[in-house]
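Source file: final01.txt (compact mmCIF, C-alpha atoms and all ligand atoms)
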```txt
# COMPACT_ATOMS: atom_id res chain seq x y z
CA MET P 1 26.81 57.09 182.59
CA ASP P 2 29.62 59.57 182.47
CA ARG P 3 28.41 62.66 180.55
CA GLN P 4 31.63 64.57 180.10
CA PHE P 5 32.93 64.89 176.54
CA PRO P 6 35.17 64.62 174.64
CA ARG P 7 36.05 61.39 176.41
CA LEU P 8 39.16 59.31 175.76
CA GLU P 9 38.61 55.76 176.92
CA ILE P 10 41.55 53.41 177.35
CA SER P 11 41.13 49.65 177.41
CA LEU P 12 43.98 48.56 179.66
CA SER P 13 43.48 44.88 178.79
CA LYS P 14 43.89 45.66 175.07
CA LEU P 15 47.01 47.72 175.74
CA ARG P 16 48.48 44.93 177.88
CA SER P 17 47.63 42.41 175.21
CA ASN P 18 49.21 44.51 172.43
CA ALA P 19 52.35 44.93 174.51
CA SER P 20 52.61 41.23 175.30
CA GLU P 21 51.97 40.11 171.68
CA ILE P 22 54.85 42.35 170.57
CA VAL P 23 57.16 41.48 173.45
CA LYS P 24 56.56 37.75 172.87
CA ARG P 25 57.59 37.99 169.21
CA CYS P 26 60.59 40.17 170.00
CA SER P 27 61.90 38.07 172.86
CA ALA P 28 61.70 34.95 170.67
CA ARG P 29 64.47 36.68 168.64
CA GLY P 30 66.45 37.94 171.63
CA ILE P 31 65.06 41.47 171.36
CA SER P 32 63.98 43.46 174.41
CA VAL P 33 61.35 46.19 174.08
CA THR P 34 61.25 49.70 175.46
CA GLY P 35 57.56 50.64 175.63
CA VAL P 36 57.25 54.18 174.29
CA ILE P 37 54.57 56.17 176.09
CA LYS P 38 54.88 59.60 174.46
CA GLY P 39 52.01 58.95 172.03
CA CYS P 40 49.58 59.09 174.97
CA THR P 41 51.43 61.84 176.89
CA GLY P 42 52.68 59.29 179.40
CA ILE P 43 49.30 58.51 181.00
CA PRO P 44 50.50 56.48 184.01
CA GLN P 45 47.82 53.74 183.77
CA ALA P 46 48.84 53.14 180.16
CA ALA P 47 52.51 53.09 181.14
CA ARG P 48 51.74 50.48 183.77
CA ALA P 49 49.91 48.37 181.17
CA PHE P 50 53.06 48.48 178.99
CA LEU P 51 55.12 47.10 181.89
CA ASP P 52 52.46 44.51 182.75
CA GLY P 53 52.58 43.44 179.08
CA GLY P 54 56.27 42.68 179.44
CA CYS P 55 58.10 45.79 178.23
CA ALA P 56 61.57 45.90 179.79
CA ASP P 57 61.38 49.63 180.43
CA LEU P 58 59.47 52.77 179.44
CA GLY P 59 60.56 55.50 177.05
CA SER P 60 59.48 59.03 176.30
CA SER P 61 60.84 61.99 174.40
CA ARG P 62 59.78 64.29 177.24
CA ILE P 63 61.17 64.30 180.77
CA GLU P 64 57.90 65.80 182.03
CA GLN P 65 56.10 62.53 181.17
CA ILE P 66 58.75 60.45 182.89
CA VAL P 67 58.36 62.58 186.03
CA ARG P 68 54.57 62.18 185.78
CA CYS P 69 54.85 58.38 185.68
CA ARG P 70 57.45 58.18 188.43
CA GLN P 71 55.34 60.39 190.68
CA ALA P 72 52.34 58.14 189.98
CA GLY P 73 54.42 55.22 191.24
CA VAL P 74 55.14 53.50 187.90
CA PRO P 75 58.58 52.02 188.55
CA GLY P 76 60.31 52.21 185.15
CA PRO P 77 63.26 52.05 184.37
CA TYR P 78 62.95 55.07 182.07
CA THR P 79 64.67 55.93 178.80
CA LEU P 80 64.79 59.48 177.47
CA LEU P 81 64.27 59.20 173.71
CA ARG P 82 64.85 62.73 172.49
CA VAL P 83 68.52 63.55 172.84
CA PRO P 84 68.64 65.94 175.80
CA GLY P 85 69.55 69.57 175.45
CA LEU P 86 72.28 70.93 177.72
CA SER P 87 69.55 72.66 179.74
CA GLU P 88 67.82 69.32 180.37
CA LEU P 89 70.82 67.46 181.76
CA PRO P 90 70.09 68.00 185.48
CA ASP P 91 66.61 66.49 185.04
CA THR P 92 67.93 63.80 182.71
CA VAL P 93 70.30 62.55 185.39
CA ARG P 94 67.72 63.01 188.16
CA TRP P 95 64.76 61.28 186.46
CA CYS P 96 66.03 59.02 183.67
CA ASP P 97 68.07 55.83 183.78
CA LEU P 98 69.19 55.93 180.17
CA SER P 99 69.18 58.51 177.37
CA LEU P 100 69.89 58.63 173.65
CA GLN P 101 72.86 60.83 172.77
CA SER P 102 74.34 62.34 169.62
CA GLU P 103 76.74 65.12 170.68
CA ARG P 104 80.18 64.87 172.25
CA ALA P 105 79.70 68.20 174.06
CA THR P 106 76.45 66.94 175.63
CA LEU P 107 78.15 63.74 176.79
CA ASP P 108 80.92 65.80 178.43
CA ALA P 109 78.34 68.00 180.16
CA LEU P 110 76.44 64.84 181.17
CA GLU P 111 79.57 63.52 182.88
CA ALA P 112 79.89 66.79 184.82
CA GLU P 113 76.24 66.69 185.85
CA CYS P 114 76.51 63.04 186.97
CA ARG P 115 79.52 63.97 189.07
CA ARG P 116 77.53 66.85 190.60
CA GLN P 117 74.66 64.51 191.50
CA ASP P 118 76.97 61.64 192.39
CA LYS P 119 75.13 59.30 190.00
CA THR P 120 75.89 57.26 186.93
CA HIS P 121 73.82 57.37 183.74
CA ARG P 122 73.51 54.97 180.82
CA VAL P 123 73.57 56.13 177.18
CA ILE P 124 72.82 54.83 173.71
CA VAL P 125 74.79 56.71 171.05
CA MET P 126 72.71 57.26 167.93
CA ALA P 127 73.76 56.74 164.33
CA ASP P 128 71.92 58.40 161.45
CA LEU P 129 71.57 55.81 158.69
CA GLY P 130 69.57 58.00 156.34
CA ASP P 131 66.39 59.13 158.08
CA LEU P 132 68.05 62.51 158.78
CA ARG P 133 66.87 63.24 162.29
CA GLU P 134 69.17 62.65 165.30
CA GLY P 135 72.45 60.76 165.22
CA PHE P 136 76.01 60.84 163.92
CA TRP P 137 76.26 60.95 160.15
CA ASP P 138 80.02 60.50 160.25
CA LYS P 139 80.69 56.89 161.35
CA ASP P 140 84.29 57.55 162.40
CA GLU P 141 83.07 60.35 164.64
CA LEU P 142 80.52 57.99 166.23
CA VAL P 143 83.25 55.44 166.97
CA ASP P 144 85.52 58.15 168.42
CA VAL P 145 82.78 59.49 170.67
CA CYS P 146 81.95 55.99 171.92
CA VAL P 147 85.62 55.44 172.75
CA HIS P 148 85.70 58.82 174.51
CA ALA P 149 82.64 57.93 176.60
CA GLU P 150 84.12 54.55 177.46
CA ARG P 151 87.61 55.82 178.40
CA ASP P 152 87.14 59.36 179.68
CA LEU P 153 83.64 59.60 181.18
CA PRO P 154 83.54 57.39 184.29
CA HIS P 155 79.98 58.37 185.30
CA VAL P 156 78.58 57.76 181.81
CA THR P 157 78.00 54.12 180.91
CA LEU P 158 78.04 53.35 177.20
CA ALA P 159 75.17 50.86 177.00
CA GLY P 160 75.06 50.64 173.23
CA ILE P 161 74.32 52.24 169.89
CA GLY P 162 71.05 52.73 168.06
CA VAL P 163 69.27 54.07 165.04
CA ASN P 164 65.95 55.68 164.25
CA LEU P 165 64.28 55.12 160.88
CA GLY P 166 60.95 55.92 159.32
CA CYS P 167 60.16 59.01 161.37
CA VAL P 168 61.18 62.17 159.53
CA GLY P 169 62.82 60.89 156.36
CA SER P 170 60.29 58.03 156.06
CA VAL P 171 63.17 55.64 155.34
CA GLN P 172 62.06 52.00 155.59
CA PRO P 173 63.96 49.76 158.01
CA THR P 174 65.45 46.91 155.98
CA PRO P 175 67.80 44.04 156.82
CA GLU P 176 70.50 46.07 154.98
CA LYS P 177 70.04 49.07 157.30
CA MET P 178 70.14 46.75 160.33
CA ASN P 179 73.33 45.15 158.99
CA ASP P 180 74.85 48.63 158.63
CA LEU P 181 74.07 49.22 162.30
CA LEU P 182 75.55 45.84 163.27
CA ALA P 183 78.72 46.61 161.32
CA LEU P 184 79.02 49.90 163.12
CA ALA P 185 78.46 48.17 166.47
CA ALA P 186 81.25 45.73 165.61
CA ARG P 187 83.60 48.67 164.95
CA VAL P 188 82.71 50.24 168.31
CA GLU P 189 83.16 46.89 170.09
CA GLU P 190 86.54 46.43 168.46
CA ALA P 191 87.59 49.94 169.50
CA ILE P 192 86.46 49.64 173.13
CA GLY P 193 87.49 46.01 173.53
CA ARG P 194 84.18 44.67 174.78
CA LYS P 195 80.68 43.76 173.61
CA LEU P 196 77.94 46.38 173.65
CA GLU P 197 74.91 45.49 175.72
CA ILE P 198 72.34 47.19 173.46
CA ILE P 199 72.05 47.41 169.68
CA SER P 200 68.80 49.28 169.19
CA GLY P 201 67.26 48.83 165.77
CA GLY P 202 64.49 51.41 165.86
CA ALA P 203 60.80 51.90 166.48
CA THR P 204 57.45 50.51 165.31
CA SER P 205 58.55 50.48 161.67
CA SER P 206 61.48 48.19 162.56
CA PHE P 207 59.07 45.71 164.17
CA THR P 208 58.08 44.76 160.60
CA LEU P 209 61.35 42.81 160.36
CA VAL P 210 60.49 40.87 163.52
CA HIS P 211 57.01 40.16 162.16
CA TRP P 212 58.38 38.96 158.82
CA GLY P 213 61.22 37.00 160.43
CA THR P 214 63.90 39.00 158.58
CA MET P 215 65.50 40.86 161.49
CA PRO P 216 69.25 40.15 161.40
CA ALA P 217 70.60 38.39 164.50
CA GLY P 218 72.42 40.81 166.79
CA ILE P 219 69.81 43.56 166.87
CA ASN P 220 68.65 43.08 170.45
CA HIS P 221 66.49 46.10 171.27
CA LEU P 222 63.54 48.02 169.82
CA ARG P 223 61.66 51.07 171.11
CA ILE P 224 57.98 50.65 170.33
CA GLY P 225 55.12 53.09 170.83
CA GLU P 226 52.50 53.29 168.09
CA ASN P 227 52.25 49.57 167.50
CA ILE P 228 51.38 48.95 171.15
CA LEU P 229 49.12 51.95 171.60
CA LEU P 230 47.17 51.73 168.34
CA GLY P 231 48.53 48.94 166.15
CA LYS P 232 47.27 50.94 163.20
CA ASP P 233 50.19 52.12 161.09
CA LEU P 234 51.53 48.69 160.16
CA GLN P 235 48.08 47.14 159.69
CA LEU P 236 46.34 49.98 157.84
CA GLU P 237 49.06 52.21 156.34
CA TRP P 238 51.56 49.44 155.54
CA GLY P 239 48.72 47.03 154.75
CA ILE P 240 50.16 44.14 156.78
CA GLU P 241 47.16 41.81 157.00
CA ASP P 242 48.44 39.07 159.28
CA MET P 243 49.15 41.38 162.21
CA ASN P 244 45.63 41.08 163.59
CA TYR P 245 47.07 39.89 166.88
CA LEU P 246 47.15 43.63 167.68
CA ALA P 247 43.99 45.51 168.71
CA MET P 248 43.47 48.81 166.93
CA ASP P 249 40.79 49.95 169.36
CA ALA P 250 42.57 50.17 172.70
CA PHE P 251 41.67 53.88 172.63
CA THR P 252 38.18 55.21 171.96
CA LEU P 253 37.33 58.87 171.47
CA THR P 254 33.71 59.81 172.14
CA ALA P 255 32.35 63.24 171.22
CA GLU P 256 28.97 64.87 171.73
CA VAL P 257 26.66 65.91 168.89
CA ILE P 258 25.64 69.57 169.35
CA GLU P 259 23.76 70.17 166.09
CA VAL P 260 22.21 68.02 163.36
CA LYS P 261 21.03 69.71 160.16
CA THR P 262 20.37 69.05 156.52
CA LYS P 263 22.68 71.35 154.55
CA PRO P 264 24.51 71.51 151.23
CA SER P 265 27.92 69.80 151.12
CA TYR P 266 29.41 72.58 149.01
CA PRO P 267 30.01 75.96 150.67
CA GLN P 268 27.72 78.71 149.35
CA GLY P 269 29.27 82.03 148.30
CA LYS P 270 32.64 83.32 147.19
CA LEU P 271 35.38 81.03 148.65
CA CYS P 272 38.51 82.49 150.25
CA ILE P 273 40.45 80.78 153.12
CA ASP P 274 39.50 78.53 156.06
CA ALA P 275 40.27 79.04 159.79
CA PHE P 276 43.85 77.83 159.32
CA GLY P 277 44.63 79.98 156.31
CA HIS P 278 44.30 77.13 153.82
CA LYS P 279 42.28 77.06 150.61
CA PRO P 280 40.65 73.63 150.71
CA VAL P 281 39.13 72.06 147.63
CA TYR P 282 35.52 71.04 148.27
CA THR P 283 33.55 68.33 146.49
CA ASP P 284 29.83 68.74 145.95
CA TYR P 285 28.10 65.64 147.34
CA GLY P 286 24.68 67.31 147.17
CA ILE P 287 22.48 67.73 150.23
CA GLN P 288 23.80 66.06 153.39
CA ARG P 289 22.62 65.23 156.89
CA ARG P 290 25.45 66.80 158.91
CA ALA P 291 26.21 66.46 162.61
CA LEU P 292 28.33 69.02 164.42
CA LEU P 293 30.59 67.59 167.15
CA ALA P 294 31.92 69.47 170.16
CA LEU P 295 35.55 68.84 169.37
CA GLY P 296 38.00 70.13 166.76
CA LYS P 297 41.54 70.28 165.48
CA ALA P 298 42.66 71.59 168.88
CA ASP P 299 41.67 68.19 170.29
CA VAL P 300 42.60 65.79 167.50
CA GLY P 301 45.02 67.54 165.13
CA ASP P 302 44.08 66.07 161.77
CA GLU P 303 40.39 65.21 161.94
CA LYS P 304 40.53 63.32 158.65
CA ALA P 305 42.71 60.70 160.32
CA LEU P 306 39.94 59.78 162.79
CA LEU P 307 38.41 56.34 162.23
CA PRO P 308 34.65 56.46 162.85
CA ARG P 309 33.24 53.42 164.66
CA ASP P 310 29.88 53.92 162.93
CA LYS P 311 29.68 52.37 159.50
CA ASP P 312 28.94 54.91 156.76
CA LEU P 313 29.76 57.94 158.88
CA THR P 314 32.48 60.14 157.40
CA VAL P 315 34.40 63.12 158.74
CA TRP P 316 33.72 66.15 156.52
CA GLY P 317 35.96 68.76 158.11
CA ALA P 318 36.87 70.69 161.23
CA SER P 319 38.02 74.00 162.65
CA SER P 320 39.81 74.32 165.97
CA ASP P 321 36.79 73.50 168.14
CA HIS P 322 34.15 72.05 165.79
CA CYS P 323 34.07 68.90 163.70
CA ILE P 324 31.45 68.13 161.06
CA VAL P 325 30.53 64.55 160.21
CA ASP P 326 28.37 63.41 157.31
CA VAL P 327 25.68 61.14 158.77
CA THR P 328 23.52 60.97 155.63
CA HIS P 329 24.16 57.25 155.16
CA CYS P 330 24.65 56.38 158.82
CA SER P 331 22.84 53.22 159.94
CA ARG P 332 21.53 54.89 163.11
CA ASP P 333 19.50 58.06 163.48
CA ILE P 334 21.88 60.58 165.06
CA ARG P 335 20.35 63.41 167.11
CA VAL P 336 21.48 66.27 169.32
CA GLY P 337 22.82 64.86 172.59
CA ASP P 338 23.93 61.58 171.00
CA THR P 339 27.57 60.67 170.89
CA VAL P 340 29.86 59.52 168.10
CA SER P 341 32.95 57.36 168.69
CA PHE P 342 36.22 56.95 166.83
CA SER P 343 39.36 54.86 166.79
CA LEU P 344 42.47 57.00 166.52
CA ALA P 345 45.56 57.62 164.49
CA TYR P 346 48.80 58.45 166.29
CA SER P 347 48.53 62.22 165.75
CA ASN P 348 44.97 62.20 167.12
CA LEU P 349 46.15 60.47 170.28
CA VAL P 350 49.10 62.84 170.73
CA TYR P 351 46.76 65.84 170.75
CA LEU P 352 43.87 64.31 172.69
CA SER P 353 45.91 62.86 175.52
CA ALA P 354 47.64 66.20 176.13
CA ARG P 355 44.48 68.26 176.59
CA PRO P 356 43.44 69.07 180.14
CA ASP P 357 39.75 69.25 179.16
CA VAL P 358 39.55 65.83 177.52
CA ARG P 359 38.30 63.35 180.09
CA VAL P 360 40.47 60.23 180.26
CA VAL P 361 38.71 57.09 181.47
CA CYS P 362 40.53 53.77 181.96
CA VAL P 363 38.55 50.56 181.72
CA GLU P 364 39.65 46.94 181.89
C1 LIG W 1 58.97 58.11 169.36
C2 LIG W 1 60.21 57.33 169.29
C3 LIG W 1 60.14 55.94 169.22
C4 LIG W 1 58.84 55.17 169.13
O1 LIG W 1 58.25 55.39 167.88
P1 LIG W 1 56.96 54.56 167.42
O2 LIG W 1 56.91 54.76 165.95
O3 LIG W 1 55.79 55.16 168.13
O4 LIG W 1 57.14 53.15 167.79
C5 LIG W 1 61.34 55.24 169.20
N1 LIG W 1 62.53 55.88 169.24
C6 LIG W 1 62.61 57.22 169.31
C7 LIG W 1 63.95 57.84 169.33
C8 LIG W 1 61.47 57.99 169.33
O5 LIG W 1 61.58 59.31 169.41
```
Hey, can you dump this file as structure tokens for me?
Ligand SMILES: *Cc1c(COP(=O)(O)O)cnc(C)c1O
Amino acid sequence: MDRQFPRLEISLSKLRSNASEIVKRCSARGISVTGVIKGCTGIPQAARAFLDGGCADLGSSRIEQIVRCRQAGVPGPYTLLRVPGLSELPDTVRWCDLSLQSERATLDALEAECRRQDKTHRVIVMADLGDLREGFWDKDELVDVCVHAERDLPHVTLAGIGVNLGCVGSVQPTPEKMNDLLALAARVEEAIGRKLEIISGGATSSFTLVHWGTMPAGINHLRIGENILLGKDLQLEWGIEDMNYLAMDAFTLTAEVIEVKTKPSYPQGKLCIDAFGHKPVYTDYGIQRRALLALGKADVGDEKALLPRDKDLTVWGASSDHCIVDVTHCSRDIRVGDTVSFSLAYSNLVYLSARPDVRVVCVE
């Protein structure tokens, strides 16, 4: 038995299955899927499982992860999801097949870089339809820039347009938003005199429309990460009950118990601030059996988002390198040297998979 903790275990068969369940439903509606690997820091075995599950290509916000996968022999193609900065253009052209774009100046510099490397590069021009992250707010400007790319930038191939929803502004993807994107695509197609290859309707949150059968025809691409990796947000946060074709336990975090004590649940003494400068509000649950785990916020971000696999075990709190769980009502007797396992939320996975001292183990 492997005794190195914290351990992040990946079930490749569950990842493959999640990918193929999603790809199957999308392709039935003419939608291809970019498998987004940034949630697990581009772990190459996971990326390969996305491709094996039928994803058409792989996407990440970070070039570093795309390089990592390419060097591990995962073939791609690769889409860069965060619009590149001017400083990133040499690597964008070198390592990525397609990128999202939202600035005319960047597209011009991209053309120059492509010329320098004697390569072509595909782009999706992003529209902002209300979520207020990347993308053109001014629709006329988006159409103009698409025409400019089409006419004046011979090394830049305008593959399509896209939108992101539900990430920063928490705007829900709806058929109306998708129809806005389709209307914009029609304007671009009219202006450039040809059909666009890709009309990209968003991320995991847009998959809801595929699931419910309300995705307007014409949206032919989605970029999906969380729903393949964890399948949690739509099932638990959105409360979609008939999505149990997705496993929520493809990733398992296991941590070691380094102390077990009976202590009060309410801090004793004059309260000021915690390790992160916050003033938490504590509830007095009386005396507790508390286990201390050798892992903390530095490993998982928000410890309260962890999903304990043990029934009746709850996460009480954490500092950067310690996590306290209440095991008072736990069905097993937890002792020093035992381990405790969790399913993960997206933020947990983002932190865990990026740490050099978290052991990653892939199983079938
Ligand atoms: C991260 C990201 C995605 C995938 O988001 P999920 O919610 O994990 O599916 C899609 N598109 C862009 C532009 C992203 O940055």
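Closest approach to Ser200 (chain P) among P:Thr174, P:Ser11, P:Ser32, P:Ser17 is made by P:Ser32 (distances from all atoms listed in the file).
Selecting all polymer residues at most 6 Å from ligand LIG 1 (chain W), using all atoms listed in the file, gives P:Val36, P:Ser61, P:Leu81, P:Arg82, P:Asn164, P:Gly202, P:Ala203, P:Thr204, P:Arg223, P:Ile224, P:Gly225, P:Glu226.
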Within 8 Å of file point (26.0, 61.3, 156.2), counting only C-alpha atoms, expressed as a ChimeraX atom specification
/P:288-290,312-314,325-330
Nearest to Thr254 (chain P) among P:Ile10, P:Ile240, P:Ala183, P:Ile219, with distances taken over all atoms listed in the file: which residue is it?
P:Ile10
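Take CA of Thr41 (chain P) and CA of Thr79 (chain P): the distance between them is 14.6 Å.
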